[in-house]
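J.: Structure file model_10.cif (mmCIF, C-alpha atoms) is given on the next line.
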```cif
data_structure
loop_
_atom_site.label_atom_id
_atom_site.label_comp_id
_atom_site.auth_asym_id
_atom_site.auth_seq_id
_atom_site.Cartn_x
_atom_site.Cartn_y
_atom_site.Cartn_z
CA MET A 102 10.84 -28.13 -16.60
CA PHE A 103 10.40 -26.51 -20.02
CA SER A 104 6.64 -26.14 -19.82
CA ARG A 105 4.99 -22.85 -20.76
CA ASN A 106 2.29 -23.29 -18.09
CA LYS A 107 4.49 -22.56 -15.07
CA ASN A 108 2.71 -19.33 -14.07
CA LYS A 109 -0.82 -20.43 -14.88
CA LEU A 110 -3.11 -21.46 -12.06
CA PRO A 111 -5.62 -24.29 -12.33
CA ALA A 112 -9.16 -23.24 -13.26
CA GLY A 113 -11.20 -22.02 -10.30
CA THR A 114 -8.14 -21.09 -8.20
CA GLN A 115 -8.17 -17.60 -6.68
CA VAL A 116 -5.05 -15.65 -5.91
CA ARG A 117 -5.21 -14.08 -2.47
CA THR A 118 -3.62 -10.66 -2.38
CA VAL A 119 -2.25 -8.62 0.49
CA PRO A 120 -4.72 -5.96 1.75
CA SER A 121 -4.11 -2.29 1.05
CA ILE A 122 -3.33 -0.69 4.42
CA ILE A 123 -3.99 2.87 5.55
CA SER A 124 -1.69 3.01 8.58
CA SER A 125 -2.49 4.82 11.84
CA ASP A 126 -0.30 7.83 10.98
CA LEU A 127 -1.94 8.41 7.58
CA LYS A 128 -4.84 10.79 6.81
CA VAL A 129 -6.58 10.43 3.45
CA LYS A 130 -8.95 13.01 1.94
CA GLY A 131 -10.72 11.51 -1.05
CA ASP A 132 -12.37 8.31 -2.20
CA LEU A 133 -10.73 4.88 -1.99
CA VAL A 134 -11.52 2.24 -4.63
CA SER A 135 -10.20 -1.33 -4.56
CA ASP A 136 -11.23 -4.66 -6.05
CA GLY A 137 -9.61 -6.37 -3.06
CA GLU A 138 -9.29 -5.81 0.69
CA ILE A 139 -8.62 -2.49 2.43
CA GLN A 140 -7.53 -2.21 6.06
CA VAL A 141 -7.94 1.27 7.57
CA ASP A 142 -6.07 2.08 10.77
CA GLY A 143 -5.77 5.82 10.10
CA GLN A 144 -8.27 8.50 9.05
CA VAL A 145 -10.26 8.61 5.81
CA SER A 146 -12.51 11.48 4.74
CA GLY A 147 -14.28 10.14 1.66
CA ASP A 148 -16.19 7.20 0.28
CA ILE A 149 -14.72 3.69 0.25
CA HIS A 150 -15.52 1.06 -2.39
CA ALA A 151 -13.91 -2.35 -1.79
CA LYS A 152 -14.62 -6.05 -1.74
CA VAL A 153 -13.58 -6.34 1.93
CA LEU A 154 -13.06 -3.48 4.40
CA LEU A 155 -11.53 -3.81 7.85
CA VAL A 156 -11.89 -0.70 10.04
CA GLY A 157 -9.20 -0.90 12.73
CA GLN A 158 -9.79 -0.01 16.38
CA ASN A 159 -8.13 3.43 16.08
CA ALA A 160 -9.52 4.20 12.60
CA LYS A 161 -11.86 7.12 11.84
CA ILE A 162 -13.86 7.07 8.63
CA THR A 163 -16.14 9.89 7.50
CA GLY A 164 -17.99 8.91 4.33
CA GLU A 165 -20.02 6.14 2.75
CA ILE A 166 -18.81 2.55 2.63
CA PHE A 167 -19.71 0.12 -0.17
CA ALA A 168 -18.31 -3.40 0.20
CA GLU A 169 -19.19 -7.07 0.20
CA THR A 170 -17.86 -7.52 3.75
CA VAL A 171 -17.27 -4.82 6.39
CA ARG A 172 -15.73 -5.49 9.81
CA VAL A 173 -15.80 -2.42 12.08
CA HIS A 174 -13.60 -2.11 15.17
CA GLY A 175 -13.22 1.70 15.08
CA ASN A 176 -15.25 4.83 14.24
CA VAL A 177 -17.45 5.25 11.16
CA ASN A 178 -19.52 8.36 10.50
CA GLY A 179 -21.54 7.60 7.38
CA GLN A 180 -23.68 5.03 5.65
CA ILE A 181 -22.54 1.41 5.28
CA LYS A 182 -23.85 -0.77 2.43
CA ALA A 183 -22.58 -4.33 2.50
CA LYS A 184 -23.68 -7.93 2.25
CA PHE A 185 -21.97 -8.85 5.54
CA VAL A 186 -21.48 -6.31 8.35
CA ASN A 187 -19.80 -7.09 11.68
CA LEU A 188 -19.60 -4.52 14.49
CA ALA A 189 -16.99 -5.46 17.08
CA LYS A 190 -17.29 -4.45 20.73
CA THR A 191 -15.09 -1.39 20.10
CA ALA A 192 -17.14 -0.19 17.09
CA HIS A 193 -18.72 3.28 17.09
CA VAL A 194 -20.99 3.81 14.08
CA ILE A 195 -23.13 6.86 13.37
CA GLY A 196 -25.05 6.24 10.18
CA ASP A 197 -27.36 3.82 8.45
CA ILE A 198 -26.38 0.22 7.80
CA HIS A 199 -27.87 -1.49 4.73
CA HIS A 200 -27.06 -5.19 5.00
CA GLU A 201 -28.04 -8.74 4.21
CA ASN A 202 -26.29 -10.18 7.30
CA LEU A 203 -25.51 -8.11 10.40
CA SER A 204 -23.77 -9.11 13.62
CA ILE A 205 -23.18 -6.84 16.61
CA GLN A 206 -20.97 -7.74 19.56
CA GLU A 207 -21.59 -6.60 23.13
CA GLY A 208 -20.30 -3.07 23.71
CA ALA A 209 -20.72 -1.85 20.12
CA PHE A 210 -22.36 1.56 19.57
CA LEU A 211 -24.74 2.21 16.66
CA GLU A 212 -26.85 5.27 15.94
CA GLY A 213 -28.82 4.95 12.72
CA HIS A 214 -31.06 2.72 10.66
CA MET A 215 -30.51 -0.97 10.25
CA VAL A 216 -32.04 -1.80 6.89
CA HIS A 217 -32.16 -5.41 5.73
CA MET A 218 -31.65 -5.82 1.98
CA ASN A 219 -32.72 -8.77 -0.13
CA GLU A 220 -30.35 -10.40 -2.64
CA GLN A 221 -31.34 -8.09 -5.52
CA GLU A 222 -30.87 -4.95 -3.41
CA VAL A 223 -27.46 -6.23 -2.31
CA GLU A 224 -26.42 -6.76 -5.94
CA ASP A 225 -27.60 -3.24 -6.85
CA ALA A 226 -25.91 -1.59 -3.85
CA VAL A 227 -22.75 -3.71 -3.71
CA PRO A 228 -21.77 -4.72 -7.25
CA THR A 229 -19.31 -7.53 -7.79
CA GLU A 230 -17.10 -5.16 -9.81
CA THR A 231 -16.10 -2.07 -7.82
CA GLN A 232 -17.66 1.10 -9.16
CA THR A 233 -16.82 4.72 -8.44
CA ALA A 234 -20.36 6.10 -8.18
CA PRO A 235 -22.49 5.08 -5.18
CA ALA A 236 -25.79 3.33 -5.80
CA GLN A 237 -29.03 5.25 -5.32
CA THR A 238 -31.06 4.47 -2.21
CA ASN A 239 -34.69 4.78 -1.36
CA THR A 240 -35.40 7.34 1.37
CA ILE A 241 -38.42 5.38 2.65
CA ALA A 242 -37.75 2.02 4.23
CA THR A 243 -39.72 -1.04 3.12
CA ASN A 244 -41.85 -0.86 6.25
CA GLY A 245 -43.17 2.59 5.19
CA LYS A 246 -41.49 4.56 7.97
CA PRO A 247 -39.69 7.76 7.00
CA ALA A 248 -35.90 7.88 6.87
CA GLU A 249 -35.81 10.21 9.89
CA ASP A 250 -36.41 7.29 12.26
CA ARG A 251 -33.27 6.66 14.28
CA VAL A 252 -32.10 3.90 16.57
CA ASN A 253 -29.50 4.47 19.25
CA LEU A 254 -28.14 1.09 20.22
CA VAL A 255 -25.55 0.16 22.81
CA VAL A 256 -25.12 -3.56 23.36
CA LYS A 257 -24.02 -4.42 26.89
CA SER A 258 -24.31 -7.42 29.13
CA GLY A 259 -27.08 -7.49 31.72
CA LYS A 260 -30.80 -6.87 31.40
CA GLN A 261 -32.16 -4.76 28.56
CA VAL A 262 -34.38 -1.73 28.95
CA GLN A 263 -36.10 -0.15 25.96
CA GLN A 264 -37.33 3.42 25.97
CA ASN A 265 -39.42 4.98 23.20
CA LYS A 266 -39.02 8.74 22.92
CA PRO A 267 -41.22 10.40 20.30
CA THR A 268 -39.66 13.39 18.52
CA ALA A 269 -41.16 16.20 16.45
CA PRO A 270 -43.82 15.00 13.96
CA ALA A 271 -42.62 14.29 10.43
CA GLN A 272 -44.58 15.08 7.24
CA GLY A 273 -48.24 14.04 7.29
CA ASN A 274 -49.37 11.87 10.16
CA GLN A 275 -46.11 9.92 10.37
CA GLN A 276 -44.00 10.48 13.45
CA ALA A 277 -40.26 9.91 13.87
CA GLN A 278 -39.27 7.87 16.90
CA ALA A 279 -36.00 7.35 18.70
CA ALA A 280 -35.28 4.23 20.71
CA LYS A 281 -32.42 3.59 23.05
CA VAL A 282 -31.54 0.13 24.26
CA ALA A 283 -29.24 0.21 27.23
CA ALA A 284 -28.47 -2.10 30.07
CA GLY A 285 -28.26 -1.32 33.73
CA LYS A 286 -26.29 -3.32 36.22
#
```
Please re-express this file's structure in C-alpha cells.

T.:
Amino acid sequence: MFSRNKNKLPAGTQVRTVPSIISSDLKVKGDLVSDGEIQVDGQVSGDIHAKVLLVGQNAKITGEIFAETVRVHGNVNGQIKAKFVNLAKTAHVIGDIHHENLSIQEGAFLEGHMVHMNEQEVEDAVPTETQTAPAQTNTIATNGKPAEDRVNLVVKSGKQVQQNKPTAPAQGNQQAQAAKVAAGK
C-alpha cells in the first residue's frame, strides 16, 4: 500500500507499446524513426527505421526500410533490410530484400534481389538500437553476380514455369539475367 515500488516492473519484463500509425489519409514526406512498431496504411516517401514495420494493404512506401521484422501487405518501392520479412498475398515489392528469414505467400509480387544475410550482416544492417543513417551495402552479392541481376517473382497456385531471359551484357564477361516465375492454369 505504501510501497515505493508500485510503478516498477519485475526484471526481464517488457512493456508492450501501441504502434505508431500512419493512417490511410496521411501522406508523409521524410524519414520515420522509431524504437517500436510502425503501422503504415497511408503513403510514405522516405526511409523507415523501426523495430517492427507493418505495411498495410493500401499503403505505398517509397524509400528504404530497416527493421527487425517487416510484414508487407501493400506497395513498397525500395530496398528492405530486415531479419524477418513476410510478403502477404497482396504485397507488391519493387526492390531488393536483404533478410535472414523470408516468407512469401501465394499471389505476392516481387521484383528485385533476394539476398540472404548471416547473423553478423543482420546485426550490421539492422542494429538493435534504431539509427538514422542507413548501413552500407555491398554491390556484389556473395555469389559473385553483379547487382544488376533481377528476379521477377509472382507466386500463384498451379504449376510453375521458369523462363530465363538474358539481358544486355554487364561489365567484363558477366551477364545480367532476368527470371520470371509464373503459373499457368

J.: Separation of atom CA of Gly137 of chain A and atom CA of Val173 of chain A, in Å?

T.: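 Distance reported for this atom pair: 16.8 Å.
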
J.: Give me, please, the distance in Å between atom CA of Val171 of chain A and atom CA of His217 of chain A, quoted to one decimal.

T.: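 One can read the atom CA of Val171 of chain A to atom CA of His217 of chain A distance as 14.9 Å.
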
J.: Using only C-alpha atoms, find the one residue out of A:Ser125, A:Gln158, A:Thr191, A:Gln180 that sits nearest to Gln144 of chain A.

T.: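 Once distances to Gln144 of chain A are computed over only C-alpha atoms, the minimum belongs to A:Ser125.
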
J.: Once the PyMOL selection byres ((chain A and resi 135) around 7) is applied to the coordinates I shared, what remains selected? I want it as a ChimeraX atom specification.

T.: /A:133-134,136-138,150-151,231

J.: For this structure, which residues satisfy the selection - the PyMOL selection byres ((chain A and resi 187) around 7) - when it is evaluated on the file as given? I want them as a ChimeraX atom specification.

T.: /A:171-173,185-186,188-189,203-205

J.: Applied to the shown file, which residues does the PyMOL selection byres ((chain A and resi 147) around 7) return, written as a list in words?

T.: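 Taken on the displayed file, the PyMOL selection byres ((chain A and resi 147) around 7) yields the residues Lys130, Gly131, Asp132, Val145, Ser146, Asp148, Ile149, Thr163 and Gly164 of chain A.
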
J.: Give the answer as one residue: which of A:Ile162, A:Val119, A:Gly208, A:Lys190 has the shortest atom-to-atom distance to Val177 of chain A, using only C-alpha atoms?

T.: A:Ile162

J.: What does the distance from atom CA of Asp197 of chain A to atom CA of Gly179 of chain A come to in Å, to one decimal?

T.: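 Rounded to one decimal, the two atoms are 7.0 Å apart.
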
J.: For Ile181 of chain A, list every protein, DNA or RNA residue within 7 Å, evaluated using only C-alpha atoms, and leave out those in the same chain fewer than 4 positions away; present the list as number ranges by chain.

T.: A: 165-167, 197-199

J.: The residues within 7 Å of (-22.6, -5.7, 0.5), using all atoms listed in the file and the coordinates of the file, should be reported as an NGL selection string; which are they?

T.: :A and (167-170 or 182-185 or 200 or 223 or 226-227)

J.: Give me, as a PyMOL selection string, all polymer residues having an atom no more than 7 Å from His193 of chain A, counting only C-alpha atoms and skipping those fewer than 3 positions away in the same chain.

T.: chain A and resi 175-177+209-211

J.: Please report, as AutoDock Vina command-line options, the centre and edge lengths in Å to one decimal of an axis-aligned box covering all listed atoms of segment 197-200 of chain A with 4 Å per side.

T.:
```
--center_x -27.1 --center_y -0.7 --center_z 6.6 --size_x 9.5 --size_y 17.0 --size_z 11.7
```
